[in-house]
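Undergrad: File follows, protein.tsv with TSV, C-alpha atoms and all ligand atoms:
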chain	number	residue	atom	x	y	z
U	1	MET	CA	10.03	10.48	-28.25
U	2	LYS	CA	7.94	13.58	-28.99
U	3	SER	CA	9.71	16.84	-29.84
U	4	ALA	CA	9.61	19.64	-27.29
U	5	THR	CA	6.99	21.43	-29.40
U	6	GLU	CA	4.70	18.37	-29.23
U	7	MET	CA	5.09	17.82	-25.46
U	8	ILE	CA	2.61	19.55	-23.19
U	9	SER	CA	3.82	21.39	-20.12
U	10	LEU	CA	2.98	20.38	-16.55
U	11	SER	CA	0.88	23.53	-16.21
U	12	GLN	CA	-1.14	22.62	-19.34
U	13	TYR	CA	-1.46	19.01	-18.12
U	14	LEU	CA	-2.84	20.13	-14.74
U	15	ILE	CA	-5.42	22.39	-16.40
U	16	GLU	CA	-6.50	19.62	-18.78
U	17	GLU	CA	-6.83	17.17	-15.86
U	18	GLN	CA	-8.80	19.78	-13.93
U	19	LEU	CA	-11.22	20.30	-16.84
U	20	LYS	CA	-11.99	16.56	-16.77
U	21	LEU	CA	-13.37	16.93	-13.23
U	22	PRO	CA	-16.66	18.88	-13.22
U	23	TYR	CA	-16.41	19.55	-9.48
U	24	ALA	CA	-12.77	20.77	-9.67
U	25	THR	CA	-12.29	24.26	-8.24
U	26	GLY	CA	-8.76	24.87	-9.52
U	27	ASP	CA	-7.33	24.86	-5.98
U	28	PHE	CA	-5.15	21.80	-6.63
U	29	THR	CA	-3.90	23.25	-9.92
U	30	ALA	CA	-2.95	26.47	-8.16
U	31	LEU	CA	-1.17	24.56	-5.38
U	32	MET	CA	0.80	22.54	-7.92
U	33	ASN	CA	1.87	25.67	-9.78
U	34	HIS	CA	3.45	26.96	-6.57
U	35	LEU	CA	5.18	23.58	-6.13
U	36	VAL	CA	6.47	23.72	-9.70
U	37	TYR	CA	7.91	27.19	-9.11
U	38	ALA	CA	9.82	26.03	-6.02
U	39	ALA	CA	11.04	22.93	-7.88
U	40	LYS	CA	12.48	25.06	-10.68
U	41	VAL	CA	14.33	27.33	-8.24
U	42	VAL	CA	15.76	24.43	-6.23
U	43	SER	CA	16.79	22.74	-9.47
U	44	ARG	CA	18.66	25.90	-10.49
U	45	GLU	CA	20.51	26.00	-7.15
U	46	VAL	CA	21.34	22.26	-7.24
U	47	ARG	CA	22.71	22.62	-10.78
U	48	LYS	CA	25.09	25.40	-9.78
U	49	ALA	CA	25.93	24.03	-6.32
U	50	GLY	CA	29.48	23.12	-7.30
U	51	LEU	CA	30.17	26.64	-8.53
U	52	THR	CA	29.27	28.69	-5.50
U	53	ASP	CA	30.62	28.02	-2.02
U	54	THR	CA	27.54	29.67	-0.55
U	55	ILE	CA	25.30	26.69	-1.21
U	56	LEU	CA	27.52	23.63	-0.74
U	57	GLY	CA	28.63	22.06	2.47
U	58	ALA	CA	27.10	21.64	5.89
U	59	THR	CA	25.59	24.15	8.26
U	60	SER	CA	26.38	24.08	11.97
U	61	GLU	CA	22.85	22.82	12.61
U	62	THR	CA	21.26	19.39	12.84
U	63	ASN	CA	17.68	18.62	11.87
U	64	VAL	CA	14.99	16.86	13.84
U	65	GLN	CA	16.50	13.57	12.72
U	66	GLY	CA	19.81	14.50	14.33
U	67	GLU	CA	21.36	14.69	10.85
U	68	THR	CA	23.73	17.52	9.90
U	69	GLN	CA	21.81	20.05	7.83
U	70	MET	CA	23.43	20.74	4.49
U	71	LYS	CA	23.17	24.32	3.20
U	72	LEU	CA	21.16	23.14	0.20
U	73	ASP	CA	18.89	21.15	2.54
U	74	ARG	CA	18.08	24.28	4.45
U	75	TYR	CA	17.66	26.33	1.28
U	76	ALA	CA	15.23	23.80	-0.23
U	77	ASP	CA	13.30	23.54	3.04
U	78	ILE	CA	12.85	27.31	3.23
U	79	LEU	CA	11.80	27.53	-0.41
U	80	PHE	CA	9.22	24.74	-0.44
U	81	THR	CA	7.88	25.85	2.96
U	82	LYS	CA	7.38	29.43	1.73
U	83	ALA	CA	5.93	28.52	-1.67
U	84	LEU	CA	3.39	26.07	-0.27
U	85	SER	CA	2.47	27.92	2.94
U	86	ILE	CA	1.49	31.12	1.10
U	87	CYS	CA	-0.23	29.50	-1.93
U	88	GLY	CA	-3.64	29.82	-0.25
U	89	HIS	CA	-4.63	26.18	-0.76
U	90	VAL	CA	-2.80	24.47	2.13
U	91	CYS	CA	-3.87	24.37	5.78
U	92	VAL	CA	-0.75	22.82	7.35
U	93	LEU	CA	2.64	21.42	6.30
U	94	ALA	CA	5.22	18.93	7.62
U	95	SER	CA	8.88	18.92	6.61
U	96	GLU	CA	11.59	16.35	7.30
U	97	GLU	CA	13.73	19.30	8.35
U	98	GLN	CA	11.34	20.73	10.92
U	99	GLU	CA	10.31	19.07	14.19
U	100	THR	CA	6.75	20.37	14.45
U	101	ILE	CA	3.94	21.17	12.03
U	102	ILE	CA	4.31	24.30	9.87
U	103	GLU	CA	1.31	26.63	10.16
U	104	ILE	CA	0.12	29.07	7.51
U	105	PRO	CA	1.55	32.57	8.15
U	106	SER	CA	-1.00	35.16	9.32
U	107	GLY	CA	-2.59	37.14	6.53
U	108	TYR	CA	-2.57	34.23	4.10
U	109	LYS	CA	-5.61	32.16	3.06
U	110	ILE	CA	-5.88	28.73	4.69
U	111	GLY	CA	-6.86	26.04	2.17
U	112	LYS	CA	-8.12	22.48	2.07
U	113	TYR	CA	-4.93	20.48	1.42
U	114	THR	CA	-2.05	19.30	3.60
U	115	PHE	CA	1.53	19.12	2.30
U	116	ALA	CA	4.20	16.80	3.75
U	117	PHE	CA	7.64	16.80	2.19
U	118	ASP	CA	11.28	15.87	2.35
U	119	PRO	CA	12.88	18.97	0.81
U	120	LEU	CA	16.12	17.36	-0.28
U	121	ASP	CA	16.32	13.62	0.24
U	122	GLY	CA	19.75	12.04	-0.05
U	123	SER	CA	21.39	15.32	0.86
U	124	SER	CA	24.52	13.61	2.21
U	125	ASN	CA	25.26	13.00	-1.49
U	126	ILE	CA	25.05	16.68	-2.46
U	127	ASP	CA	28.75	17.45	-2.20
U	128	SER	CA	29.65	14.44	-4.34
U	129	ASN	CA	27.30	15.51	-7.12
U	130	VAL	CA	25.10	12.43	-6.78
U	131	SER	CA	21.40	12.65	-7.74
U	132	ILE	CA	19.13	13.88	-4.94
U	133	GLY	CA	15.42	14.57	-4.75
U	134	THR	CA	12.40	16.21	-3.17
U	135	ILE	CA	9.50	13.97	-2.12
U	136	PHE	CA	5.96	15.26	-1.47
U	137	SER	CA	2.60	13.96	-0.27
U	138	ILE	CA	-0.75	15.80	-0.47
U	139	HIS	CA	-3.94	14.95	1.46
U	140	LEU	CA	-7.28	16.67	1.87
U	141	ARG	CA	-7.63	18.12	5.39
U	142	LYS	CA	-9.94	16.32	7.86
U	143	SER	CA	-10.50	19.31	10.17
U	144	PRO	CA	-13.15	21.90	9.23
U	145	MET	CA	-12.30	24.63	6.70
U	146	GLY	CA	-11.82	28.17	7.87
U	147	ARG	CA	-9.26	27.46	10.55
U	148	MET	CA	-5.57	26.49	10.80
U	149	GLY	CA	-4.77	22.88	10.00
U	150	VAL	CA	-3.60	20.60	12.79
U	151	GLU	CA	-1.22	17.65	13.13
U	152	SER	CA	-4.03	15.10	12.74
U	153	ASP	CA	-4.71	16.51	9.25
U	154	LEU	CA	-1.23	15.25	8.31
U	155	LEU	CA	-1.43	11.87	10.07
U	156	GLN	CA	-3.52	10.17	7.39
U	157	GLN	CA	-3.13	6.80	5.66
U	158	GLY	CA	-1.20	6.78	2.42
U	159	ASN	CA	-4.18	5.33	0.53
U	160	LEU	CA	-5.97	8.66	1.08
U	161	GLN	CA	-3.30	10.74	-0.67
U	162	ARG	CA	-4.70	13.10	-3.34
U	163	CYS	CA	-1.29	13.38	-4.92
U	164	ALA	CA	2.20	11.99	-4.31
U	165	GLY	CA	5.40	12.56	-6.20
U	166	TYR	CA	9.03	13.47	-6.31
U	167	ILE	CA	11.40	15.82	-8.09
U	168	LEU	CA	14.63	14.10	-9.13
U	169	TYR	CA	17.64	16.37	-9.59
U	170	GLY	CA	19.60	13.96	-11.77
U	171	SER	CA	21.12	14.08	-15.24
U	172	SER	CA	17.96	16.04	-15.93
U	173	THR	CA	15.39	17.38	-13.46
U	174	MET	CA	12.21	15.33	-13.50
U	175	MET	CA	8.93	15.57	-11.68
U	176	VAL	CA	7.14	12.23	-11.31
U	177	LEU	CA	3.67	12.26	-9.78
U	178	SER	CA	0.34	10.52	-9.43
U	179	THR	CA	-3.12	11.82	-8.55
U	180	GLY	CA	-4.52	8.30	-8.46
U	181	ASN	CA	-4.86	7.71	-12.19
U	182	GLY	CA	-1.47	6.21	-13.00
U	183	VAL	CA	1.99	7.77	-12.90
U	184	VAL	CA	3.24	10.55	-15.18
U	185	GLY	CA	6.71	12.04	-15.61
U	186	PHE	CA	7.74	15.56	-16.64
U	187	THR	CA	11.26	16.61	-17.61
U	188	LEU	CA	12.44	20.18	-17.05
U	189	ASP	CA	13.51	21.87	-20.27
U	190	PRO	CA	15.92	24.53	-18.93
U	191	SER	CA	15.82	26.38	-22.25
U	192	CYS	CA	12.20	27.35	-21.67
U	193	GLY	CA	11.89	26.74	-17.93
U	194	GLU	CA	8.97	24.32	-18.34
U	195	PHE	CA	8.41	20.79	-17.08
U	196	LEU	CA	7.36	18.92	-20.26
U	197	LEU	CA	5.39	15.66	-20.32
U	198	SER	CA	8.08	13.09	-21.16
U	199	HIS	CA	6.59	9.91	-19.62
U	200	GLU	CA	2.84	9.72	-20.29
U	201	SER	CA	2.18	6.56	-18.30
U	202	ILE	CA	4.91	4.95	-16.20
U	203	LYS	CA	4.39	1.25	-15.47
U	204	ILE	CA	6.96	-0.68	-13.42
U	205	PRO	CA	7.97	-3.98	-15.10
U	206	GLU	CA	6.33	-6.97	-13.35
U	207	SER	CA	9.79	-8.33	-12.51
U	208	GLY	CA	13.34	-7.05	-12.70
U	209	SER	CA	16.96	-8.04	-12.11
U	210	ILE	CA	17.94	-5.06	-9.94
U	211	TYR	CA	18.02	-5.23	-6.18
U	212	SER	CA	18.80	-2.15	-4.09
U	213	ILE	CA	19.87	-2.49	-0.46
U	214	ASN	CA	22.77	-1.22	1.64
U	215	GLU	CA	24.81	-4.44	1.86
U	216	GLY	CA	27.01	-2.75	4.46
U	217	ASN	CA	24.20	-3.34	6.95
U	218	TYR	CA	24.19	-7.14	6.37
U	219	ASP	CA	25.13	-7.97	9.95
U	220	PHE	CA	22.23	-5.84	11.22
U	221	TRP	CA	19.55	-7.61	9.18
U	222	SER	CA	17.10	-10.21	10.44
U	223	ASP	CA	17.70	-13.86	9.50
U	224	SER	CA	14.85	-13.72	6.97
U	225	VAL	CA	16.29	-10.72	5.11
U	226	LYS	CA	19.77	-12.28	5.14
U	227	ALA	CA	18.35	-15.52	3.72
U	228	TYR	CA	16.43	-13.63	1.00
U	229	ILE	CA	19.52	-11.69	-0.12
U	230	ARG	CA	21.61	-14.88	-0.17
U	231	LYS	CA	18.87	-16.56	-2.21
U	232	ILE	CA	18.64	-13.90	-4.93
U	233	LYS	CA	22.45	-13.77	-5.19
U	234	ASN	CA	22.99	-17.53	-5.27
U	235	ILE	CA	24.01	-18.22	-8.85
U	236	GLU	CA	23.36	-22.00	-8.53
U	237	ASN	CA	19.62	-21.70	-8.11
U	238	ASN	CA	19.10	-18.55	-10.10
U	239	ASN	CA	18.87	-18.65	-13.83
U	240	LYS	CA	18.73	-14.86	-13.71
U	241	PRO	CA	21.16	-13.52	-11.09
U	242	LYS	CA	20.32	-10.12	-9.68
U	243	THR	CA	22.36	-6.94	-10.10
U	244	LEU	CA	23.02	-4.69	-7.10
U	245	ARG	CA	22.38	-1.03	-7.79
U	246	TYR	CA	22.35	1.25	-4.72
U	247	ILE	CA	22.96	5.00	-4.73
U	248	GLY	CA	21.86	5.76	-1.16
U	249	SER	CA	19.43	8.38	-2.42
U	250	LEU	CA	15.87	7.04	-2.19
U	251	VAL	CA	14.49	9.10	-5.07
U	252	ALA	CA	17.30	8.03	-7.42
U	253	ASP	CA	17.14	4.35	-6.40
U	254	PHE	CA	13.34	4.30	-6.57
U	255	HIS	CA	13.20	6.08	-9.95
U	256	ARG	CA	15.67	3.71	-11.61
U	257	ASN	CA	13.78	0.65	-10.35
U	258	LEU	CA	10.44	2.22	-11.36
U	259	LEU	CA	11.62	2.45	-14.96
U	260	LYS	CA	13.72	-0.73	-15.17
U	261	GLY	CA	12.04	-3.03	-12.66
U	262	GLY	CA	13.53	-4.54	-9.52
U	263	ILE	CA	13.24	-4.30	-5.74
U	264	PHE	CA	14.34	-1.71	-3.16
U	265	LEU	CA	14.74	-2.78	0.45
U	266	TYR	CA	15.39	-0.82	3.62
U	267	PRO	CA	14.78	-3.36	6.41
U	268	GLU	CA	15.06	-2.74	10.13
U	269	ASP	CA	18.39	-2.76	11.92
U	270	THR	CA	18.14	-5.56	14.49
U	271	LYS	CA	21.57	-5.13	16.02
U	272	SER	CA	22.85	-1.58	16.29
U	273	LYS	CA	19.46	-0.31	17.35
U	274	ILE	CA	19.98	2.86	15.31
U	275	TYR	CA	16.98	2.05	13.10
U	276	PRO	CA	15.02	-0.67	14.95
U	277	LEU	CA	11.89	0.29	12.99
U	278	GLY	CA	13.66	1.01	9.72
U	279	LYS	CA	15.29	4.27	8.61
U	280	LEU	CA	12.86	5.77	6.11
U	281	ARG	CA	10.12	8.10	7.28
U	282	LEU	CA	6.52	6.99	6.67
U	283	LEU	CA	4.78	10.32	6.06
U	284	TYR	CA	7.01	11.93	3.44
U	285	GLU	CA	9.20	9.11	2.09
U	286	ALA	CA	7.67	5.61	2.22
U	287	SER	CA	4.01	6.63	1.83
U	288	PRO	CA	4.38	8.80	-1.31
U	289	MET	CA	6.77	6.27	-2.88
U	290	ALA	CA	4.30	3.48	-2.07
U	291	PHE	CA	1.48	5.43	-3.74
U	292	LEU	CA	3.57	5.80	-6.89
U	293	ALA	CA	4.70	2.15	-6.81
U	294	GLU	CA	1.11	0.86	-6.63
U	295	GLN	CA	-0.15	3.35	-9.21
U	296	ALA	CA	2.60	2.07	-11.54
U	297	GLY	CA	1.50	-1.56	-10.98
U	298	GLY	CA	4.09	-2.42	-8.33
U	299	MET	CA	3.93	-3.05	-4.57
U	300	ALA	CA	5.15	-1.44	-1.35
U	301	ILE	CA	5.14	-3.26	1.99
U	302	THR	CA	6.91	-3.32	5.31
U	303	VAL	CA	9.41	-6.10	6.04
U	304	ASP	CA	6.51	-7.90	7.79
U	305	GLY	CA	4.31	-7.76	4.69
U	306	GLU	CA	1.98	-4.94	5.79
U	307	ARG	CA	0.83	-2.66	2.94
U	308	ILE	CA	2.55	0.72	3.44
U	309	LEU	CA	-0.54	2.62	2.23
U	310	ASP	CA	-2.67	1.07	5.00
U	311	ALA	CA	-0.36	2.25	7.80
U	312	VAL	CA	-1.98	4.85	10.07
U	313	PRO	CA	0.72	7.38	11.04
U	314	THR	CA	0.91	8.28	14.74
U	315	SER	CA	3.69	10.88	14.55
U	316	LEU	CA	5.12	13.20	11.91
U	317	HIS	CA	8.59	11.66	11.71
U	318	GLN	CA	7.92	8.03	12.46
U	319	ARG	CA	10.06	5.55	10.59
U	320	THR	CA	9.19	2.35	8.76
U	321	THR	CA	10.81	-0.48	6.90
U	322	LEU	CA	10.22	-0.38	3.14
U	323	ILE	CA	10.26	-3.15	0.55
U	324	THR	CA	9.04	-1.79	-2.80
U	325	GLY	CA	9.26	-2.44	-6.52
U	326	SER	CA	8.09	-4.90	-9.15
U	327	LYS	CA	5.03	-6.90	-8.09
U	328	LYS	CA	6.59	-10.32	-8.69
U	329	GLU	CA	9.82	-9.35	-6.88
U	330	VAL	CA	8.00	-8.09	-3.79
U	331	GLU	CA	5.69	-11.12	-3.81
U	332	PHE	CA	8.72	-13.43	-3.97
U	333	PHE	CA	10.30	-11.56	-1.01
U	334	LEU	CA	7.08	-12.09	0.96
U	335	ASP	CA	6.77	-15.79	0.08
U	336	TYR	CA	10.44	-16.61	0.59
U	337	THR	CA	10.92	-14.83	3.91
U	338	LYS	CA	7.78	-16.37	5.48
U	339	GLN	CA	9.63	-19.63	6.22
U	340	PHE	CA	12.26	-17.79	8.30
U	341	LYS	CA	9.85	-15.78	10.41
U	342	LYS	CA	9.61	-16.96	13.99
S	1	LIG	P1	21.86	4.41	4.08
S	1	LIG	C1	19.09	9.37	2.57
S	1	LIG	O1	19.73	9.75	3.78
S	1	LIG	C2	18.02	8.35	2.92
S	1	LIG	O2	17.10	8.91	3.79
S	1	LIG	C3	17.37	7.84	1.65
S	1	LIG	O3	17.37	8.77	0.63
S	1	LIG	C4	18.20	6.62	1.28
S	1	LIG	O4	17.44	5.62	0.63
S	1	LIG	C5	18.68	6.12	2.65
S	1	LIG	O5	18.64	7.23	3.55
S	1	LIG	C6	20.10	5.61	2.55
S	1	LIG	O6	20.45	5.16	3.86
S	1	LIG	O7	21.81	3.94	5.50
S	1	LIG	O8	21.92	3.27	3.10
S	1	LIG	O9	22.91	5.46	3.79
What do you get writing this file as structure tokens?
Ligand code: P6P

TA:
Amino acid sequence: MKSATEMISLSQYLIEEQLKLPYATGDFTALMNHLVYAAKVVSREVRKAGLTDTILGATSETNVQGETQMKLDRYADILFTKALSICGHVCVLASEEQETIIEIPSGYKIGKYTFAFDPLDGSSNIDSNVSIGTIFSIHLRKSPMGRMGVESDLLQQGNLQRCAGYILYGSSTMMVLSTGNGVVGFTLDPSCGEFLLSHESIKIPESGSIYSINEGNYDFWSDSVKAYIRKIKNIENNNKPKTLRYIGSLVADFHRNLLKGGIFLYPEDTKSKIYPLGKLRLLYEASPMAFLAEQAGGMAITVDGERILDAVPTSLHQRTTLITGSKKEVEFFLDYTKQFKK
């Protein structure tokens, strides 16, 4: 592990990456510096959440998903929305917490990127001090420059993302991102307020013993998912039994499996009809995570085997199933479940 003096900061990293691209204008670097600022402020508030009653607990409001808005949810949403909408390099935003697109306030420059985000994913865990995260996805606009961005600028396939990443507010605050050339991780050093390059090239192990799924939903799963879970748990025909690790916070579950290997599954709910298409949102949860998974050498598909990054979004908050993780684990899921599909 390098010492803090040897690690480069995220800001330095972005400038060095920009200098490698002759056509780079610096717009992306400037956008990312606004994102980094918001991440540091949200990290500070998350870290002290238990100490001030102003930031913990639920508001009286529910978000577009019908979920109770936590105070920290709302705070993070306001902060990321403000930082990215006034940076001058974004034309339109979408937030998990807001029903419609977020336009750039009048008087501010309208840029060439779109920004979709989940400001504080896993927020139901906030009050129990469990790791939570921010997930973001950046595309180039499709509509002409010089005017406000529109919803169709956001509804683009995941394989067109210019950048995807997350901020994990865990035992330390990390930013993990990819611009299409592998996955890098930065750890916030609170003593100097900088994200320092701590993971130069993250590669997910080809296979892994961890599986992550909410076993409480067993009765809601399809026969093929039930059969797969029984298979990987069946000690008789498994020389390497799996280990269940599930936090219920996508960023935390995904990050652990990214580093250690394994598979994360959120299949559809075939019985209660609460999540008939799966629970996770395509635009700002599954798609950015899928981009990272593939950039790290892993896979990300729907329960039917469709590549997440090929999905063409039709609405801002549409949901999807998500099976993602080590290549060999996802391939085995695909092969094994085929026989049970009608
Ligand atoms: P369940 C958090 O609410 C979230 O959107 C993801 O972070 C997480 O993976 C999932 O829902 C957990 O859902 O139904 O297992 O509580």

Undergrad: Tell me which protein, DNA and RNA residues are within 12 Å of Tyr13 of chain U, counting all atoms listed in the file, leaving out same-chain ones fewer than 2 positions away, and put them as a list in words.

TA: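 Here the answer would be Met7, Ile8, Ser9, Leu10, Ser11, Ile15, Glu16, Glu17, Gln18, Leu19, Lys20, Thr29, Met32, Asn33, Leu177, Val184, Gly185, Phe186, Glu194, Phe195, Leu196, Leu197, Ser198 and Glu200 of chain U.
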
Undergrad: Let me make sure I understand: among U:Ala76, U:Cys163, U:Ile202, U:Ala39, which one has the smallest atom-to-atom distance to Tyr284 of chain U if we use only C-alpha atoms?

TA: U:Cys163

Undergrad: Write out as a Markdown table the residues of chain U that have any atom within 10 Å of an atom of ligand LIG 1 (chain S), one row each with the nearest atom pair and its distance in Å to one decimal, counting all atoms listed in the file, sorted by chain and then rising number.

TA:
| residue | atom | partner | partner_atom | distance |
| --- | --- | --- | --- | --- |
| U:Glu67 | CA | S:LIG1 | O1 | 8.8 |
| U:Glu96 | CA | S:LIG1 | O2 | 9.9 |
| U:Asp118 | CA | S:LIG1 | O2 | 9.2 |
| U:Leu120 | CA | S:LIG1 | O3 | 8.7 |
| U:Asp121 | CA | S:LIG1 | O3 | 5.0 |
| U:Gly122 | CA | S:LIG1 | C1 | 3.8 |
| U:Ser123 | CA | S:LIG1 | O1 | 6.5 |
| U:Ser124 | CA | S:LIG1 | O1 | 6.3 |
| U:Asn125 | CA | S:LIG1 | C1 | 8.2 |
| U:Ile132 | CA | S:LIG1 | O3 | 7.8 |
| U:Gly133 | CA | S:LIG1 | O3 | 8.1 |
| U:Thr134 | CA | S:LIG1 | O3 | 9.7 |
| U:Ile135 | CA | S:LIG1 | O3 | 9.8 |
| U:Ser212 | CA | S:LIG1 | O4 | 9.2 |
| U:Ile213 | CA | S:LIG1 | O8 | 7.1 |
| U:Asn214 | CA | S:LIG1 | O8 | 4.8 |
| U:Glu215 | CA | S:LIG1 | O8 | 8.3 |
| U:Gly216 | CA | S:LIG1 | O8 | 8.0 |
| U:Asn217 | CA | S:LIG1 | O7 | 7.8 |
| U:Tyr246 | CA | S:LIG1 | O8 | 8.1 |
| U:Ile247 | CA | S:LIG1 | O4 | 7.7 |
| U:Gly248 | CA | S:LIG1 | C6 | 4.1 |
| U:Ser249 | CA | S:LIG1 | O3 | 3.7 |
| U:Leu250 | CA | S:LIG1 | O4 | 3.5 |
| U:Val251 | CA | S:LIG1 | O3 | 6.4 |
| U:Ala252 | CA | S:LIG1 | O3 | 8.1 |
| U:Asp253 | CA | S:LIG1 | O4 | 7.2 |
| U:Phe254 | CA | S:LIG1 | O4 | 8.4 |
| U:Phe264 | CA | S:LIG1 | O4 | 8.8 |
| U:Leu265 | CA | S:LIG1 | O4 | 8.8 |
| U:Tyr266 | CA | S:LIG1 | O4 | 7.4 |
| U:Asp269 | CA | S:LIG1 | O7 | 9.9 |
| U:Tyr275 | CA | S:LIG1 | O7 | 9.2 |
| U:Gly278 | CA | S:LIG1 | O7 | 9.6 |
| U:Lys279 | CA | S:LIG1 | O5 | 6.8 |
| U:Leu280 | CA | S:LIG1 | O2 | 5.8 |
| U:Arg281 | CA | S:LIG1 | O2 | 7.8 |
| U:Glu285 | CA | S:LIG1 | O2 | 8.1 |
| U:Ala286 | CA | S:LIG1 | O4 | 9.9 |
| U:Leu322 | CA | S:LIG1 | O4 | 9.7 |

Undergrad: Compile the contact shell of Ile210 of chain U as a short mmCIF file (atom, residue, chain, number, x, y, z; two decimals) with C-alpha atoms, keeping the file's coordinate frame: residues with an atom at most 10 Å away, counting all atoms listed in the file, same-chain residues fewer than 4 positions apart removed.

TA:
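Saved file out08.cif follows:
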data_model
loop_
_atom_site.label_atom_id
_atom_site.label_comp_id
_atom_site.auth_asym_id
_atom_site.auth_seq_id
_atom_site.Cartn_x
_atom_site.Cartn_y
_atom_site.Cartn_z
CA PRO U 241 21.16 -13.52 -11.09
CA LYS U 242 20.32 -10.12 -9.68
CA THR U 243 22.36 -6.94 -10.10
CA LEU U 244 23.02 -4.69 -7.10
CA ARG U 245 22.38 -1.03 -7.79
CA TYR U 246 22.35 1.25 -4.72
CA ARG U 256 15.67 3.71 -11.61
CA ASN U 257 13.78 0.65 -10.35
CA LYS U 260 13.72 -0.73 -15.17
CA GLY U 261 12.04 -3.03 -12.66
CA GLY U 262 13.53 -4.54 -9.52
CA ILE U 263 13.24 -4.30 -5.74
CA PHE U 264 14.34 -1.71 -3.16
CA GLY U 325 9.26 -2.44 -6.52
CA SER U 326 8.09 -4.90 -9.15
CA GLU U 329 9.82 -9.35 -6.88
#

Undergrad: Write out as an MDAnalysis selection string which residues come within 9 Å of segment 310-321 of chain U when counting only C-alpha atoms, dropping same-chain ones fewer than 5 positions away.

TA: chainID U and resid 64:65 94:96 99:101 116 151:152 154:159 265:268 275 277:284 286:287 301:304

Undergrad: Grab the atom CA of Ser143 of chain U to atom CA of Lys112 of chain U distance for me, in Å with one decimal place.

TA: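 These atoms are spaced 9.0 Å apart.
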
Undergrad: Mind giving me the straight-line distance from atom CA of Lys226 of chain U to atom CA of Ser209 of chain U in Å, one decimal?

TA: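 Taking atom CA of Lys226 of chain U and atom CA of Ser209 of chain U, their separation equals 18.0 Å.
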
Undergrad: Pick out the closest residue to Leu79 of chain U from this set: U:Lys327, U:His34, U:Arg47, U:Lys109. Count all atoms listed in the file.

TA: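 Looking only at the distances to Leu79 of chain U, the closest residue turns out to be U:His34.
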
Undergrad: Centre and edge lengths, as lines of an AutoDock Vina configuration file, for the axis-aligned box enclosing every listed atom of segment 318-335 of chain U with 8 Å of padding on each of the six sides, in Å to one decimal?

TA:
center_x = 7.9
center_y = -3.9
center_z = 1.7
size_x = 21.8
size_y = 39.8
size_z = 37.6

Undergrad: To one decimal place in Å, what is the distance between atom CA of Arg230 of chain U and atom CA of Phe340 of chain U?

TA: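 Between atom CA of Arg230 of chain U and atom CA of Phe340 of chain U the gap works out to 12.9 Å.
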
Undergrad: Which of these, U:Gly88, U:Leu35, U:Phe333, U:Leu140, has the shortest distance to Ile232 of chain U once you count all atoms listed in the file?

TA: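 For Ile232 of chain U, the nearest of the candidates is U:Phe333.
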
Undergrad: Find the residues near Cys91 of chain U: any atom within 6 Å, counting all atoms listed in the file, skip ones fewer than 5 places away on the same chain, and give them as a PDB file with C-alpha atoms, keeping the file's coordinate frame.

TA:
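Final file, selection_10.pdb:
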ATOM      1  CA  ILE U 110      -5.880  28.730   4.690  1.00  0.00           C
ATOM      2  CA  GLY U 111      -6.860  26.040   2.170  1.00  0.00           C
ATOM      3  CA  LYS U 112      -8.120  22.480   2.070  1.00  0.00           C
ATOM      4  CA  TYR U 113      -4.930  20.480   1.420  1.00  0.00           C
ATOM      5  CA  THR U 114      -2.050  19.300   3.600  1.00  0.00           C
ATOM      6  CA  MET U 148      -5.570  26.490  10.800  1.00  0.00           C
ATOM      7  CA  GLY U 149      -4.770  22.880  10.000  1.00  0.00           C
TER       8      GLY U 149
END

Undergrad: For segment 253-259 of chain U, supply N, CA, C and O atoms and format the output as a compact mmCIF listing (two decimals), in the coordinates of the input.

TA:
# COMPACT_ATOMS: atom_id res chain seq x y z
N ASP U 253 17.27 5.81 -6.39
CA ASP U 253 17.14 4.35 -6.40
C ASP U 253 15.72 3.93 -6.80
O ASP U 253 15.53 3.02 -7.61
N PHE U 254 14.73 4.64 -6.25
CA PHE U 254 13.34 4.30 -6.57
C PHE U 254 13.05 4.55 -8.05
O PHE U 254 12.45 3.70 -8.73
N HIS U 255 13.51 5.71 -8.56
CA HIS U 255 13.20 6.08 -9.95
C HIS U 255 13.79 5.08 -10.93
O HIS U 255 13.14 4.65 -11.88
N ARG U 256 15.03 4.68 -10.69
CA ARG U 256 15.67 3.71 -11.61
C ARG U 256 14.88 2.40 -11.61
O ARG U 256 14.57 1.84 -12.66
N ASN U 257 14.51 1.93 -10.42
CA ASN U 257 13.78 0.65 -10.35
C ASN U 257 12.37 0.78 -10.93
O ASN U 257 11.82 -0.17 -11.49
N LEU U 258 11.77 1.99 -10.79
CA LEU U 258 10.44 2.22 -11.36
C LEU U 258 10.48 2.03 -12.88
O LEU U 258 9.59 1.43 -13.48
N LEU U 259 11.53 2.52 -13.50
CA LEU U 259 11.62 2.45 -14.96
C LEU U 259 12.14 1.10 -15.45
O LEU U 259 11.70 0.58 -16.48
